[in-house]
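Undergrad: First the structure, which I've put down as structure tokens, then a few questions once you've had a look.
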Amino acid sequence: MKTWITYIAAILMGLATALLFGDAVYASGILSAISSFLVSLGIFITIPIMVFTLPSGIASLGKNRKGPRCALAVILWAIASAIVLSAAAAVVYSIHPVLFPVTSTAGSAPGALSGHVSYLLSAISSSLYPMNAFWSVATATYFIVPVIIISWILGLAIKPSADIIRPAYTVMNSFAEVMYRISRTYTVYGFFLAYASSASLFIDVYQEKTLFAAPDYAILLGITALVSLVIILPLLFALFTRFKKNPYRILYRSAASIITAFATGNIIASIPMNESIARQNNGVQKRVASVSVPFFAVIGRGGAAAIAVISILPLFQSTAGNIPEPAVIAIAAGAAALVSFASSAAIGTEIALISVLALRILGINLYGAENAMIALLPLLGGFAAAIDAYSAALGSAVAASFIDTDTEIPYSDII
């Protein structure tokens, strides 16, 4: 059975589980523990996959002198998607402005959210300090920039430019194939992760009750995600590919990684799925998928920027008591897009980091009102990760088209 079917079934079963056990006090804890274990297992698989596939991809692109053009496609897509998605979210809010709901965390200490962001930035800055490459790889979990840097250097080094290097390149390429077999298996059976994580997410939302009491914000959130997935990203993809490829085909074929990203709120855990699906469902060469997908997990966070915009602006409206001026809306969207390029420092809580830093850039003090978003961070992060997973799938296809290596995969051959 195709993954897009099994994963849709998994998330529907997760919703059914939440409706069935939503009032049980023990259900949230049990499903949260199972979800956390499976997400950690996914990240455990992701790191070695990146360590072998990323250097192989970089070396292969360098061998054929296609690296610069592939890098250009990745950078252009990341920048364009961040700007366009943030702007679209601002437009959606302007059409349907709502207040941010009062959640169970609204009364937290004023510095709770900003303190969390400051701690994350401090921890990440220390992890970037070069000390021991093996230790950086071994301890990498949610912040994968050190792994990308080390893998990039290794990929440049094993480019088969001399006969003595070719055996090392061949061995690395063979290990990359092994990692893609693991990625395929992870993708085929990852619906267990999607089920457990979606059930945990839906139970948390059900028990929080905030969105049931304030449905207007839930509607705004849903409209923003739907517009991003169905209109904005497909249109941007069509422009990049000159209307030669169908973005909606990529949408349903990438359902596994999109649903997993939504359920877990963790883009890192979906990297093996995105790489495998890009290659086996969307016709992206192994070397392109191996390079583009990890980089998009770091800099391709336009979805996080968009969700942050519809968090910042309703919070501002709730605090100030009036709808922000168009200039403030535009500046907030720009600040969110800018900060989104550093949001990989807070995997799972990207919305918190983008919101806090954007507010600091704008010089806006909400006097602790931003703490209201803490209770909704799993849901906000889920929508952001889902948009970013689809953006990464489209972006890898764009990179493949930029170097003329994309192919069409028949439906019968997809996983």
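Note on naming: chains are A, B, ... as they come in the structure tokens, residues start from 1 per chain, ligands start from 1 in the order shown.
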So that I can check the surroundings of Leu76 in chain A, please list as a PDB file with N, CA, C and O atoms, in the first residue's frame every protein, DNA and RNA residue that reaches within 12 Å of it, counting only C-alpha atoms and ignoring chain neighbours fewer than 3 positions away.

TA:
```
ATOM      1  N   ARG A  69      25.218  25.387  -9.059  1.00  0.00           N
ATOM      2  CA  ARG A  69      23.858  25.617  -9.555  1.00  0.00           C
ATOM      3  C   ARG A  69      22.819  25.011  -8.615  1.00  0.00           C
ATOM      4  O   ARG A  69      21.751  25.594  -8.397  1.00  0.00           O
ATOM      5  N   CYS A  70      23.137  23.847  -8.049  1.00  0.00           N
ATOM      6  CA  CYS A  70      22.231  23.239  -7.068  1.00  0.00           C
ATOM      7  C   CYS A  70      22.137  24.114  -5.822  1.00  0.00           C
ATOM      8  O   CYS A  70      21.042  24.331  -5.290  1.00  0.00           O
ATOM      9  N   ALA A  71      23.285  24.625  -5.369  1.00  0.00           N
ATOM     10  CA  ALA A  71      23.300  25.512  -4.200  1.00  0.00           C
ATOM     11  C   ALA A  71      22.493  26.776  -4.468  1.00  0.00           C
ATOM     12  O   ALA A  71      21.773  27.267  -3.590  1.00  0.00           O
ATOM     13  N   LEU A  72      22.606  27.307  -5.689  1.00  0.00           N
ATOM     14  CA  LEU A  72      21.841  28.508  -6.052  1.00  0.00           C
ATOM     15  C   LEU A  72      20.345  28.240  -5.966  1.00  0.00           C
ATOM     16  O   LEU A  72      19.588  29.062  -5.443  1.00  0.00           O
ATOM     17  N   ALA A  73      19.918  27.076  -6.459  1.00  0.00           N
ATOM     18  CA  ALA A  73      18.499  26.730  -6.408  1.00  0.00           C
ATOM     19  C   ALA A  73      18.010  26.625  -4.959  1.00  0.00           C
ATOM     20  O   ALA A  73      16.934  27.118  -4.620  1.00  0.00           O
ATOM     21  N   ILE A  79      14.958  31.551   0.280  1.00  0.00           N
ATOM     22  CA  ILE A  79      14.679  32.981   0.454  1.00  0.00           C
ATOM     23  C   ILE A  79      13.283  33.324  -0.058  1.00  0.00           C
ATOM     24  O   ILE A  79      12.493  34.003   0.622  1.00  0.00           O
ATOM     25  N   ALA A  80      12.975  32.868  -1.275  1.00  0.00           N
ATOM     26  CA  ALA A  80      11.682  33.200  -1.876  1.00  0.00           C
ATOM     27  C   ALA A  80      10.524  32.634  -1.063  1.00  0.00           C
ATOM     28  O   ALA A  80       9.522  33.321  -0.828  1.00  0.00           O
ATOM     29  N   SER A  81      10.639  31.387  -0.609  1.00  0.00           N
ATOM     30  CA  SER A  81       9.540  30.780   0.151  1.00  0.00           C
ATOM     31  C   SER A  81       9.338  31.475   1.491  1.00  0.00           C
ATOM     32  O   SER A  81       8.189  31.669   1.930  1.00  0.00           O
ATOM     33  N   ALA A  82      10.428  31.888   2.146  1.00  0.00           N
ATOM     34  CA  ALA A  82      10.292  32.597   3.421  1.00  0.00           C
ATOM     35  C   ALA A  82       9.581  33.929   3.240  1.00  0.00           C
ATOM     36  O   ALA A  82       8.679  34.282   4.012  1.00  0.00           O
ATOM     37  N   ILE A  83       9.969  34.666   2.214  1.00  0.00           N
ATOM     38  CA  ILE A  83       9.371  35.983   1.969  1.00  0.00           C
ATOM     39  C   ILE A  83       7.900  35.851   1.578  1.00  0.00           C
ATOM     40  O   ILE A  83       7.021  36.535   2.122  1.00  0.00           O
ATOM     41  N   VAL A  84       7.625  34.964   0.634  1.00  0.00           N
ATOM     42  CA  VAL A  84       6.267  34.842   0.101  1.00  0.00           C
ATOM     43  C   VAL A  84       5.306  34.271   1.141  1.00  0.00           C
ATOM     44  O   VAL A  84       4.173  34.746   1.286  1.00  0.00           O
ATOM     45  N   LEU A 236       4.478  29.261  -6.373  1.00  0.00           N
ATOM     46  CA  LEU A 236       5.904  29.588  -6.373  1.00  0.00           C
ATOM     47  C   LEU A 236       6.701  28.498  -7.095  1.00  0.00           C
ATOM     48  O   LEU A 236       7.626  28.792  -7.873  1.00  0.00           O
ATOM     49  N   PHE A 237       6.343  27.251  -6.864  1.00  0.00           N
ATOM     50  CA  PHE A 237       7.008  26.134  -7.543  1.00  0.00           C
ATOM     51  C   PHE A 237       6.790  26.219  -9.055  1.00  0.00           C
ATOM     52  O   PHE A 237       7.728  25.969  -9.846  1.00  0.00           O
ATOM     53  N   PHE A 240       9.113  28.783 -10.490  1.00  0.00           N
ATOM     54  CA  PHE A 240      10.506  28.329 -10.524  1.00  0.00           C
ATOM     55  C   PHE A 240      10.731  27.309 -11.636  1.00  0.00           C
ATOM     56  O   PHE A 240      11.819  27.254 -12.218  1.00  0.00           O
ATOM     57  N   SER A 292      19.974  18.794  -0.692  1.00  0.00           N
ATOM     58  CA  SER A 292      18.966  19.846  -0.538  1.00  0.00           C
ATOM     59  C   SER A 292      18.106  19.668   0.710  1.00  0.00           C
ATOM     60  O   SER A 292      17.827  20.647   1.416  1.00  0.00           O
ATOM     61  N   PHE A 296      17.483  22.478   3.596  1.00  0.00           N
ATOM     62  CA  PHE A 296      16.157  23.072   3.778  1.00  0.00           C
ATOM     63  C   PHE A 296      15.676  22.925   5.216  1.00  0.00           C
ATOM     64  O   PHE A 296      14.907  23.755   5.704  1.00  0.00           O
ATOM     65  N   ILE A 299      17.578  26.148   6.661  1.00  0.00           N
ATOM     66  CA  ILE A 299      17.285  27.503   6.168  1.00  0.00           C
ATOM     67  C   ILE A 299      15.944  27.620   5.456  1.00  0.00           C
ATOM     68  O   ILE A 299      15.504  28.741   5.174  1.00  0.00           O
ATOM     69  N   GLY A 300      15.304  26.504   5.158  1.00  0.00           N
ATOM     70  CA  GLY A 300      14.021  26.575   4.454  1.00  0.00           C
ATOM     71  C   GLY A 300      12.853  26.543   5.412  1.00  0.00           C
ATOM     72  O   GLY A 300      12.061  25.600   5.400  1.00  0.00           O
ATOM     73  N   GLY A 395      11.261  22.206  -3.008  1.00  0.00           N
ATOM     74  CA  GLY A 395      12.576  22.800  -3.216  1.00  0.00           C
ATOM     75  C   GLY A 395      13.583  21.819  -3.778  1.00  0.00           C
ATOM     76  O   GLY A 395      14.409  22.178  -4.628  1.00  0.00           O
ATOM     77  N   SER A 396      13.534  20.557  -3.327  1.00  0.00           N
ATOM     78  CA  SER A 396      14.450  19.561  -3.882  1.00  0.00           C
ATOM     79  C   SER A 396      14.126  19.282  -5.350  1.00  0.00           C
ATOM     80  O   SER A 396      15.029  19.064  -6.166  1.00  0.00           O
ATOM     81  N   VAL A 398      12.857  21.533  -7.352  1.00  0.00           N
ATOM     82  CA  VAL A 398      13.366  22.728  -8.045  1.00  0.00           C
ATOM     83  C   VAL A 398      14.863  22.603  -8.291  1.00  0.00           C
ATOM     84  O   VAL A 398      15.364  22.903  -9.390  1.00  0.00           O
ATOM     85  N   ALA A 399      15.605  22.157  -7.268  1.00  0.00           N
ATOM     86  CA  ALA A 399      17.053  21.989  -7.413  1.00  0.00           C
ATOM     87  C   ALA A 399      17.365  20.971  -8.506  1.00  0.00           C
ATOM     88  O   ALA A 399      18.306  21.167  -9.299  1.00  0.00           O
ATOM     89  N   PHE A 402      16.874  22.582 -11.840  1.00  0.00           N
ATOM     90  CA  PHE A 402      17.910  23.567 -12.129  1.00  0.00           C
ATOM     91  C   PHE A 402      19.132  22.924 -12.783  1.00  0.00           C
ATOM     92  O   PHE A 402      19.832  23.576 -13.564  1.00  0.00           O
TER      93      PHE A 402
END
```

Undergrad: Considering only C-alpha atoms, return as a list in words whatever protein or nucleic-acid residues lie within 12 Å of Ala157 in chain A, sequence-local ones (same chain, fewer than 3 positions apart) excluded.

TA: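 With the cut-off at 12 Å, the set is Pro55, Ser56, Ile58, Ala59, Ser60, Gly62, Lys63, Ile150, Ser151, Trp152, Ile153, Leu154, Pro160, Ser161, Ala162, Ile164, Ile165, Arg166, Ala168, Tyr169 and Met172 of chain A.
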
Undergrad: Fewer than 5 positions away in the same chain doesn't count, so skip those; otherwise give me all residues within 8 Å of range 94-107 of chain A, counting only C-alpha atoms, as a list in words.

TA: Glu208, Thr210, Leu211, Ala214, Asp216, Tyr217, Leu220, Ser311, Pro314, Leu315, Gln317, Ser318, Ile323, Gly368, Ala369, Glu370, Asn371, Ala372, Met373, Ile374, Ala375 and Leu376 of chain A

Undergrad: Which of these residues is nearest to Ser198 in chain A, using only C-alpha atoms: A:Ser136, A:Ser32, A:Thr46, A:Thr349?

TA: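 For Ser198 in chain A, the nearest of the given residues is A:Ser32.
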
Undergrad: Kindly indicate which residue among A:Ile75, A:Ala305, A:Ile387, A:Ala342 lies nearest to Leu226 in chain A, using only C-alpha atoms for the distances.

TA: A:Ile387

Undergrad: Using only C-alpha atoms, determine which residues lie at most 12 Å from Val147 in chain A, disregarding the query and same-chain residues fewer than 6 positions distant; provide the list as number ranges by chain.

TA: A: 46-55, 127-128, 130, 132-141, 153-155, 294-295, 298

Undergrad: With N, CA, C and O atoms kept, could you save the residues just selected as a short mmCIF file (atom, residue, chain, number, x, y, z; two decimals), in the first residue's frame?

TA:
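This went into again.cif:
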```cif
data_model
loop_
_atom_site.label_atom_id
_atom_site.label_comp_id
_atom_site.auth_asym_id
_atom_site.auth_seq_id
_atom_site.Cartn_x
_atom_site.Cartn_y
_atom_site.Cartn_z
N THR A 46 18.27 9.62 11.71
CA THR A 46 18.56 10.74 10.81
C THR A 46 20.04 11.10 10.77
O THR A 46 20.61 11.32 9.69
N ILE A 47 20.69 11.16 11.94
CA ILE A 47 22.07 11.65 11.98
C ILE A 47 23.01 10.78 11.16
O ILE A 47 23.75 11.31 10.30
N PRO A 48 23.07 9.44 11.33
CA PRO A 48 23.97 8.66 10.49
C PRO A 48 23.60 8.71 9.01
O PRO A 48 24.49 8.64 8.14
N ILE A 49 22.30 8.82 8.72
CA ILE A 49 21.90 8.95 7.31
C ILE A 49 22.51 10.21 6.70
O ILE A 49 23.06 10.19 5.59
N MET A 50 22.45 11.32 7.43
CA MET A 50 23.06 12.56 6.93
C MET A 50 24.57 12.45 6.80
O MET A 50 25.16 12.95 5.84
N VAL A 51 25.21 11.80 7.78
CA VAL A 51 26.67 11.71 7.79
C VAL A 51 27.20 10.99 6.55
O VAL A 51 28.29 11.30 6.06
N PHE A 52 26.40 10.04 6.00
CA PHE A 52 26.86 9.30 4.82
C PHE A 52 26.29 9.84 3.52
O PHE A 52 26.98 9.87 2.49
N THR A 53 25.02 10.26 3.52
CA THR A 53 24.42 10.69 2.26
C THR A 53 24.83 12.10 1.85
O THR A 53 25.02 12.37 0.66
N LEU A 54 24.99 13.01 2.82
CA LEU A 54 25.33 14.39 2.48
C LEU A 54 26.73 14.51 1.86
O LEU A 54 26.88 15.15 0.80
N PRO A 55 27.80 13.91 2.44
CA PRO A 55 29.11 13.98 1.77
C PRO A 55 29.10 13.33 0.39
O PRO A 55 29.72 13.85 -0.55
N SER A 127 27.59 25.13 20.88
CA SER A 127 27.76 23.92 20.07
C SER A 127 28.43 24.21 18.74
O SER A 127 28.97 23.30 18.11
N LEU A 128 28.39 25.47 18.30
CA LEU A 128 29.04 25.83 17.04
C LEU A 128 30.54 26.07 17.21
O LEU A 128 31.26 26.17 16.22
N PRO A 130 34.16 25.23 17.37
CA PRO A 130 34.86 24.03 16.89
C PRO A 130 35.80 23.44 17.93
O PRO A 130 36.74 24.10 18.37
N ASN A 132 35.73 19.27 18.65
CA ASN A 132 35.96 17.89 18.27
C ASN A 132 34.87 17.47 17.29
O ASN A 132 33.69 17.42 17.66
N ALA A 133 35.25 17.18 16.04
CA ALA A 133 34.28 16.86 15.00
C ALA A 133 33.49 15.60 15.35
O ALA A 133 32.28 15.53 15.14
N PHE A 134 34.17 14.59 15.88
CA PHE A 134 33.48 13.34 16.21
C PHE A 134 32.48 13.55 17.34
O PHE A 134 31.39 12.98 17.34
N TRP A 135 32.86 14.38 18.30
CA TRP A 135 31.95 14.68 19.41
C TRP A 135 30.74 15.48 18.92
O TRP A 135 29.61 15.24 19.36
N SER A 136 30.96 16.39 17.98
CA SER A 136 29.85 17.19 17.44
C SER A 136 28.84 16.30 16.73
O SER A 136 27.63 16.50 16.87
N VAL A 137 29.32 15.31 15.98
CA VAL A 137 28.41 14.39 15.29
C VAL A 137 27.71 13.49 16.29
O VAL A 137 26.50 13.25 16.22
N ALA A 138 28.48 12.98 17.27
CA ALA A 138 27.92 12.02 18.23
C ALA A 138 26.86 12.64 19.12
O ALA A 138 25.93 11.96 19.56
N THR A 139 26.99 13.93 19.41
CA THR A 139 26.05 14.59 20.33
C THR A 139 24.96 15.38 19.61
O THR A 139 24.12 16.00 20.26
N ALA A 140 24.98 15.38 18.28
CA ALA A 140 23.98 16.13 17.52
C ALA A 140 22.61 15.48 17.69
O ALA A 140 22.45 14.27 17.55
N THR A 141 21.63 16.27 18.02
CA THR A 141 20.26 15.79 18.12
C THR A 141 19.34 16.70 17.31
O THR A 141 19.08 16.45 16.14
N ILE A 153 32.38 19.55 4.50
CA ILE A 153 33.85 19.51 4.37
C ILE A 153 34.31 18.14 3.87
O ILE A 153 35.16 18.03 2.97
N LEU A 154 33.72 17.09 4.43
CA LEU A 154 34.09 15.73 4.02
C LEU A 154 33.70 15.48 2.56
O LEU A 154 34.47 14.86 1.80
N GLY A 155 32.55 15.99 2.14
CA GLY A 155 32.12 15.82 0.76
C GLY A 155 33.05 16.50 -0.22
O GLY A 155 33.36 15.95 -1.29
N PRO A 294 18.61 18.25 3.82
CA PRO A 294 19.17 18.73 5.09
C PRO A 294 19.33 20.25 5.15
O PRO A 294 19.10 20.86 6.21
N PHE A 295 19.71 20.85 4.03
CA PHE A 295 19.87 22.31 4.04
C PHE A 295 18.52 23.01 4.20
O PHE A 295 18.43 24.03 4.89
N VAL A 298 17.38 23.45 7.67
CA VAL A 298 18.02 24.53 8.43
C VAL A 298 17.55 25.91 7.97
O VAL A 298 17.15 26.74 8.78
#
```

Undergrad: Tell me, as a list in words, which residues lie within 10 Å of Ile5 in chain A, counting only C-alpha atoms; anything in the same chain fewer than 4 positions away does not count.

TA: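 Close residues of Ile5 in chain A: Met1, Ala9, Ala10, Phe191, Tyr252, Arg253, Ala255 and Ala256 of chain A.
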
Undergrad: Could you list, as a list in words, every residue within 7 Å of range 406-410 of chain A, counting only C-alpha atoms and ignoring same-chain residues fewer than 6 positions away?

TA: Asn281, Asn282, Gly283, Val284, Gln285 and Ala400 of chain A
